Amino acid sequence: MDENAAAATKNHHQNYNHQVFESFDDDNRLKRTGNVWTASAHIITAVIGSGVLSLAWAIAQLGWVAGPAVMFMFSFVTFYTSSLLTDCYRTADPVSGKRNYTYMDAVRSILGGAKFKTCGLIQYLNLFGIAVGYTIAASISMMAIKRSNCFHENGEKSPCHTSSYPYMIMFGVMEIFMSQIPDFDQIWWLSIVAAVMSFTYSAIGLGLGIAQVAANGAFKGSLTGISIGTVTQTQKIWRTFQALGDIAFAYSYSVILIEIQDTIRSPPAESKTMKKAAKVSIAVTTAFYLLCGCMGYAAFGDFAPGNLLTGFGFYNPFWLLDIANAAIVVHLVGAYQVFCQPIFAFVEKQVAHRWPENYFLTKEIKIPVPGCGTYKLNLFRLVWRTGFVISTTVISMLLPFFNDVVGILGAFGFWPLTVYFPVEMYIAQKRIGKWSTRWICLQMLSMACLVMSVVAGAGSIAGVIIDLKVYKPFKPSY
């Protein structure tokens with residue numbers, strides 16, 4: 001009887017150990033459960049954001065031939081470099097190599113020191129820029145709700161002057177409160193809300209564009225884009241360059257690709273699943289972008305507004321515009337935090353590491369919150385995060401040009417983060433020999449994208465300079 005009991009106990013232990021082993025991955029983290037569809041959904045949620053609103057304007061600068069062609073080109077480059085990046089999720093071996101949990105981890109383990117620091121600087125500057133861009137976009141949408149209701153009450157010819165500053169300050173105050181919630185970007189429902197909101201406003205923009213085309217009874221626009229006369233020859237060139245930056249911004253999501261890949265179960269190898277997910281998601285977003293951009297251009301031709309839902313190409317139905325703009329604001333409130341939390345975490349970790357004994361940095365004050373338990377208030381977190389949000393708000397107030405800022409961000413982030421580092425990591429990972437055919441082709445792709453980024457950046461900076469000539473700080477914008 002004792003032997004049977006011992007055998008039963010042994011079997012129980014073996015089964016238990018097997019179950020425990022089954023519920024963890026090779027890095028002792030809980031088993032990942034993601035698949036092609038969850039990864040595609042994550043990518044689509046991350047990509048379809050406020051960038052979609054400037055695409056009608058971008059296509060209007062380029063025309064019916066170059067506009068869609070440039071969009072296809074960006075989608076191809078993004079897909080190709082994403083495929084290279086999926087092979088860098090594991091160092092050395094694609095099936096059993098050490099996992100890299102973030103883009104920065106991959107750069108550190110494959111390329112090492114100096115490039116890791118450069119990449120970090122570019123990434124954090126890009127995230128800071130996105131926070132500025134989102135503050136501008138949110139304030140424009142809040143202002144558009146106010147103006148839309150004013151037009152509805154007083155007629156479309158009414159001037160309805162409104163300043164964007166109170167709305168920027170309102171958004172900033174909201175973000176100061178949000179930024180005090182630790183790990184806000186980890187809140188599970190945030191991604192779902194963002195996805196629903198971004199599809200809501202994108203679909204409304206698309207629907208209104210189709211309705212406008214139907215009302216016009218014809219497609220507006222020309223094969224070569226905005227005509228000389230509407231703008232000068234020089235403006236046409238700068239705007240064409242800026243349009244490249246706007247489209248690049250709409251495709252910049254490589255930075256979060258490895259984080260998404262880290263949610264995928266294996267076998268099969270994560271890189272195989274992720275390549276399929278990249279294919280699905282880029283096909284969906286490109287189709288969606290083409291629809292939104294082309295319908296906006298078809299509806300307004302040369303006069304396509306810089307932001308499809310706030311440029312008042314549409315006046316009615318005013319309540320639908322209000323819903324779309326409210327959806328943009330809700331989406332951007334959450335998205336701002338998703339992009340800023342990595343900066344917060346990085347600075348706080350560095351500071352804690354450097355001054356572990358400092359009272360101001362480590363002291364946590366417990367504040368009871370009715371219904372939510374206790375909130376731990378850290379003084380350094382309060383001061384640093386508040387200062388960060390104030391700085392993004394002030395810069396937004398000084399440069400409230402949505403299109404130009406989006407173009408600069410697209411140009412600044414696209415080449416290094418979407419092309420250069422993925423190509424360099426892939427070459428190092430696969431040990432591709434210098435001056436081999438493959439190496440030369442990859443370097444040519446990288447150089448071509450660098451030229452495009454420089455040109456797009458120049459166009460966007462020229463746009464800011466032109467706007468600053470007529471813009472007076474701290475006066476009503478509209």
# chains A, B, ... in the order shown; residues from 1 in each chain; ligands from 1
$ select_by_dssp --residues "region 155-385 of chain A" --states "helix (DSSP H, G or I)" --output "NGL selection string"
:A and (165-179 or 184-186 or 188-216 or 233-250 or 254-261 or 270-303 or 318-354 or 359-362 or 379-385)
$ residues_around --residues "region 456-472 of chain A" --least-positions-apart "6" --cutoff "9 Å" --atoms "only C-alpha atoms" --output "ChimeraX atom specification"
/A:235,237-246,248,399,401,403-412
$ residues_around --residues "Leu291 (chain A)" --least-positions-apart "4" --cutoff "7 Å" --atoms "only C-alpha atoms" --output "list of chain:residue names"
A:Leu206, A:Ala287, A:Met295
$ write_last_selection --atoms "N, CA and C atoms" --output "compact mmCIF listing (two decimals), in the first residue's frame"
# COMPACT_ATOMS: atom_id res chain seq x y z
N LEU A 206 -13.68 58.97 -43.70
CA LEU A 206 -13.84 58.27 -44.98
C LEU A 206 -15.28 58.43 -45.49
N ALA A 287 -4.62 49.81 -47.37
CA ALA A 287 -5.93 49.92 -48.03
C ALA A 287 -6.74 51.05 -47.39
N MET A 295 -10.10 59.54 -50.92
CA MET A 295 -11.46 60.09 -50.86
C MET A 295 -11.44 61.55 -50.40
$ residues_around --residues "region 340-351 of chain A" --least-positions-apart "4" --cutoff "12 Å" --atoms "only C-alpha atoms" --output "JSON, numbers by chain"
{"A": [102, 103, 104, 120, 121, 122, 123, 124, 125, 126, 127, 128, 129, 130, 131, 132, 134, 175, 176, 178, 179, 180, 181, 182, 183, 184, 185, 186, 187, 255, 256, 332, 333, 334, 335, 336, 355, 356, 357, 358, 360, 361, 362, 378, 379, 380, 381, 382, 383, 384, 385, 386, 387, 388, 389, 392]}
$ write_last_selection --atoms "C-alpha atoms" --output "compact mmCIF listing (two decimals), in the first residue's frame"
# COMPACT_ATOMS: atom_id res chain seq x y z
CA THR A 102 12.08 45.62 -26.68
CA TYR A 103 13.53 47.36 -29.75
CA MET A 104 16.23 48.87 -27.55
CA GLY A 120 17.99 55.60 -27.42
CA LEU A 121 18.48 59.32 -27.98
CA ILE A 122 16.63 59.24 -31.34
CA GLN A 123 13.82 57.12 -29.94
CA TYR A 124 13.21 59.31 -26.88
CA LEU A 125 13.40 62.54 -28.94
CA ASN A 126 10.89 61.00 -31.35
CA LEU A 127 8.54 60.07 -28.49
CA PHE A 128 8.84 63.60 -27.09
CA GLY A 129 7.98 64.98 -30.54
CA ILE A 130 4.96 62.68 -30.79
CA ALA A 131 3.74 64.04 -27.42
CA VAL A 132 3.97 67.58 -28.87
CA TYR A 134 -0.62 64.85 -30.07
CA GLU A 175 -2.18 64.61 -19.03
CA ILE A 176 -0.53 65.81 -15.79
CA MET A 178 -2.92 60.82 -16.15
CA SER A 179 0.87 60.75 -16.00
CA GLN A 180 0.78 60.27 -12.21
CA ILE A 181 -0.90 56.87 -12.62
CA PRO A 182 2.00 54.37 -12.45
CA ASP A 183 2.13 51.89 -15.38
CA PHE A 184 -0.80 53.62 -17.06
CA ASP A 185 0.30 52.19 -20.41
CA GLN A 186 -0.16 48.67 -19.01
CA ILE A 187 -3.90 49.14 -18.44
CA VAL A 255 9.75 50.83 -32.56
CA ILE A 256 6.94 48.77 -31.00
CA LEU A 332 -4.98 61.00 -28.04
CA VAL A 333 -5.39 61.28 -24.24
CA GLY A 334 -4.53 57.56 -23.95
CA ALA A 335 -2.01 57.48 -26.82
CA TYR A 336 -0.03 60.37 -25.26
CA TRP A 355 21.09 58.38 -6.30
CA PRO A 356 19.55 55.38 -4.50
CA GLU A 357 19.73 57.03 -1.04
CA ASN A 358 18.15 60.38 -1.94
CA PHE A 360 13.33 63.28 -2.44
CA LEU A 361 13.74 60.60 -5.13
CA THR A 362 12.69 57.54 -3.11
CA ASN A 378 6.41 59.94 -5.20
CA LEU A 379 7.65 63.56 -5.05
CA PHE A 380 10.23 63.20 -7.82
CA ARG A 381 7.66 61.51 -10.10
CA LEU A 382 5.19 64.33 -9.41
CA VAL A 383 7.71 67.10 -10.24
CA TRP A 384 9.46 65.43 -13.22
CA ARG A 385 6.33 64.17 -15.01
CA THR A 386 4.51 67.47 -14.47
CA GLY A 387 7.53 69.36 -15.83
CA PHE A 388 7.64 67.05 -18.87
CA VAL A 389 3.95 67.60 -19.72
CA THR A 392 5.35 69.55 -24.38
$ atom_distance --atom1 "CA of Ile226 (chain A)" --atom2 "CA of Thr286 (chain A)"
22.5 Å
$ residues_around --residues "Ala448 (chain A)" --least-positions-apart "5" --cutoff "12 Å" --atoms "only C-alpha atoms" --output "ChimeraX atom specification"
/A:73-74,77,414-415,419-420,441-443,453-455
$ residues_around --residues "Lys98 (chain A)" --least-positions-apart "5" --cutoff "9 Å" --atoms "only C-alpha atoms" --output "number ranges by chain"
A: 27, 89-93
$ residues_around --residues "Cys160 (chain A)" --least-positions-apart "6" --cutoff "9 Å" --atoms "only C-alpha atoms" --output "ChimeraX atom specification"
/A:146-148,150-151,154,478
$ closest_residue --among "A:Ala69, A:Ala106, A:Ile136, A:Val369" --to "Met425 (chain A)" --atoms "only C-alpha atoms"
A:Ala106
$ atom_distance --atom1 "CA of Thr230 (chain A)" --atom2 "CA of Asp302 (chain A)"
7.7 Å
$ closest_residue --among "A:Phe171, A:Trp37, A:Tyr101, A:Phe24" --to "Ser396 (chain A)" --atoms "only C-alpha atoms"
A:Phe171
$ decode --residues "region 334-369 of chain A" --atoms "N, CA and C atoms" --output "mmCIF file, in the first residue's frame"
data_model
loop_
_atom_site.group_PDB
_atom_site.id
_atom_site.type_symbol
_atom_site.label_atom_id
_atom_site.label_comp_id
_atom_site.auth_asym_id
_atom_site.auth_seq_id
_atom_site.Cartn_x
_atom_site.Cartn_y
_atom_site.Cartn_z
ATOM 1 N N GLY A 334 -5.165 58.843 -24.297
ATOM 2 C CA GLY A 334 -4.531 57.559 -23.954
ATOM 3 C C GLY A 334 -3.220 57.362 -24.699
ATOM 4 N N ALA A 335 -3.210 57.710 -25.998
ATOM 5 C CA ALA A 335 -2.012 57.482 -26.820
ATOM 6 C C ALA A 335 -0.823 58.298 -26.305
ATOM 7 N N TYR A 336 -1.085 59.507 -25.827
ATOM 8 C CA TYR A 336 -0.031 60.370 -25.262
ATOM 9 C C TYR A 336 0.711 59.606 -24.163
ATOM 10 N N GLN A 337 -0.056 58.973 -23.283
ATOM 11 C CA GLN A 337 0.564 58.225 -22.177
ATOM 12 C C GLN A 337 1.334 57.004 -22.671
ATOM 13 N N VAL A 338 0.771 56.305 -23.649
ATOM 14 C CA VAL A 338 1.450 55.104 -24.171
ATOM 15 C C VAL A 338 2.826 55.478 -24.707
ATOM 16 N N PHE A 339 2.923 56.642 -25.370
ATOM 17 C CA PHE A 339 4.207 57.065 -25.935
ATOM 18 C C PHE A 339 5.138 57.696 -24.896
ATOM 19 N N CYS A 340 4.562 58.288 -23.840
ATOM 20 C CA CYS A 340 5.410 58.989 -22.857
ATOM 21 C C CYS A 340 5.891 58.101 -21.714
ATOM 22 N N GLN A 341 5.137 57.071 -21.380
ATOM 23 C CA GLN A 341 5.531 56.228 -20.235
ATOM 24 C C GLN A 341 6.943 55.648 -20.377
ATOM 25 N N PRO A 342 7.390 55.225 -21.612
ATOM 26 C CA PRO A 342 8.774 54.734 -21.714
ATOM 27 C C PRO A 342 9.814 55.796 -21.327
ATOM 28 N N ILE A 343 9.538 57.082 -21.655
ATOM 29 C CA ILE A 343 10.480 58.153 -21.276
ATOM 30 C C ILE A 343 10.471 58.306 -19.761
ATOM 31 N N PHE A 344 9.260 58.320 -19.172
ATOM 32 C CA PHE A 344 9.152 58.447 -17.709
ATOM 33 C C PHE A 344 9.943 57.328 -17.027
ATOM 34 N N ALA A 345 9.706 56.095 -17.486
ATOM 35 C CA ALA A 345 10.337 54.922 -16.854
ATOM 36 C C ALA A 345 11.862 55.008 -16.978
ATOM 37 N N PHE A 346 12.344 55.404 -18.158
ATOM 38 C CA PHE A 346 13.790 55.461 -18.402
ATOM 39 C C PHE A 346 14.454 56.467 -17.459
ATOM 40 N N VAL A 347 13.902 57.686 -17.384
ATOM 41 C CA VAL A 347 14.514 58.735 -16.546
ATOM 42 C C VAL A 347 14.460 58.324 -15.079
ATOM 43 N N GLU A 348 13.308 57.802 -14.626
ATOM 44 C CA GLU A 348 13.166 57.424 -13.209
ATOM 45 C C GLU A 348 14.117 56.301 -12.817
ATOM 46 N N LYS A 349 14.318 55.350 -13.753
ATOM 47 C CA LYS A 349 15.234 54.237 -13.485
ATOM 48 C C LYS A 349 16.671 54.746 -13.382
ATOM 49 N N GLN A 350 17.063 55.638 -14.308
ATOM 50 C CA GLN A 350 18.425 56.189 -14.293
ATOM 51 C C GLN A 350 18.690 56.970 -13.001
ATOM 52 N N VAL A 351 17.709 57.786 -12.603
ATOM 53 C CA VAL A 351 17.863 58.630 -11.416
ATOM 54 C C VAL A 351 17.958 57.765 -10.151
ATOM 55 N N ALA A 352 17.072 56.753 -10.068
ATOM 56 C CA ALA A 352 17.076 55.861 -8.890
ATOM 57 C C ALA A 352 18.397 55.094 -8.802
ATOM 58 N N HIS A 353 18.948 54.730 -9.961
ATOM 59 C CA HIS A 353 20.206 53.980 -10.000
ATOM 60 C C HIS A 353 21.376 54.865 -9.542
ATOM 61 N N ARG A 354 21.310 56.139 -9.943
ATOM 62 C CA ARG A 354 22.431 57.043 -9.638
ATOM 63 C C ARG A 354 22.397 57.553 -8.189
ATOM 64 N N TRP A 355 21.201 57.851 -7.669
ATOM 65 C CA TRP A 355 21.090 58.378 -6.297
ATOM 66 C C TRP A 355 20.110 57.527 -5.475
ATOM 67 N N PRO A 356 20.499 56.281 -5.166
ATOM 68 C CA PRO A 356 19.549 55.378 -4.501
ATOM 69 C C PRO A 356 19.147 55.814 -3.087
ATOM 70 N N GLU A 357 19.995 56.645 -2.433
ATOM 71 C CA GLU A 357 19.725 57.030 -1.041
ATOM 72 C C GLU A 357 18.929 58.331 -0.911
ATOM 73 N N ASN A 358 18.745 59.043 -2.012
ATOM 74 C CA ASN A 358 18.150 60.381 -1.936
ATOM 75 C C ASN A 358 16.688 60.330 -1.477
ATOM 76 N N TYR A 359 16.383 61.081 -0.419
ATOM 77 C CA TYR A 359 15.043 61.082 0.190
ATOM 78 C C TYR A 359 13.977 61.580 -0.797
ATOM 79 N N PHE A 360 14.287 62.671 -1.495
ATOM 80 C CA PHE A 360 13.333 63.277 -2.437
ATOM 81 C C PHE A 360 12.965 62.299 -3.558
ATOM 82 N N LEU A 361 13.966 61.507 -3.991
ATOM 83 C CA LEU A 361 13.736 60.603 -5.126
ATOM 84 C C LEU A 361 12.998 59.338 -4.726
ATOM 85 N N THR A 362 13.237 58.856 -3.479
ATOM 86 C CA THR A 362 12.694 57.535 -3.114
ATOM 87 C C THR A 362 11.473 57.593 -2.198
ATOM 88 N N LYS A 363 11.265 58.702 -1.496
ATOM 89 C CA LYS A 363 10.172 58.786 -0.521
ATOM 90 C C LYS A 363 8.804 58.665 -1.202
ATOM 91 N N GLU A 364 7.977 57.777 -0.696
ATOM 92 C CA GLU A 364 6.605 57.648 -1.220
ATOM 93 C C GLU A 364 5.615 57.996 -0.117
ATOM 94 N N ILE A 365 4.709 58.917 -0.425
ATOM 95 C CA ILE A 365 3.698 59.330 0.555
ATOM 96 C C ILE A 365 2.415 58.572 0.239
ATOM 97 N N LYS A 366 1.898 57.859 1.232
ATOM 98 C CA LYS A 366 0.673 57.075 1.001
ATOM 99 C C LYS A 366 -0.556 57.957 1.198
ATOM 100 N N ILE A 367 -1.387 58.014 0.154
ATOM 101 C CA ILE A 367 -2.612 58.821 0.220
ATOM 102 C C ILE A 367 -3.802 57.885 0.048
ATOM 103 N N PRO A 368 -4.707 57.826 1.035
ATOM 104 C CA PRO A 368 -5.876 56.945 0.861
ATOM 105 C C PRO A 368 -6.836 57.499 -0.196
ATOM 106 N N VAL A 369 -7.227 56.638 -1.147
ATOM 107 C CA VAL A 369 -8.173 57.034 -2.200
ATOM 108 C C VAL A 369 -9.443 56.216 -2.003
#
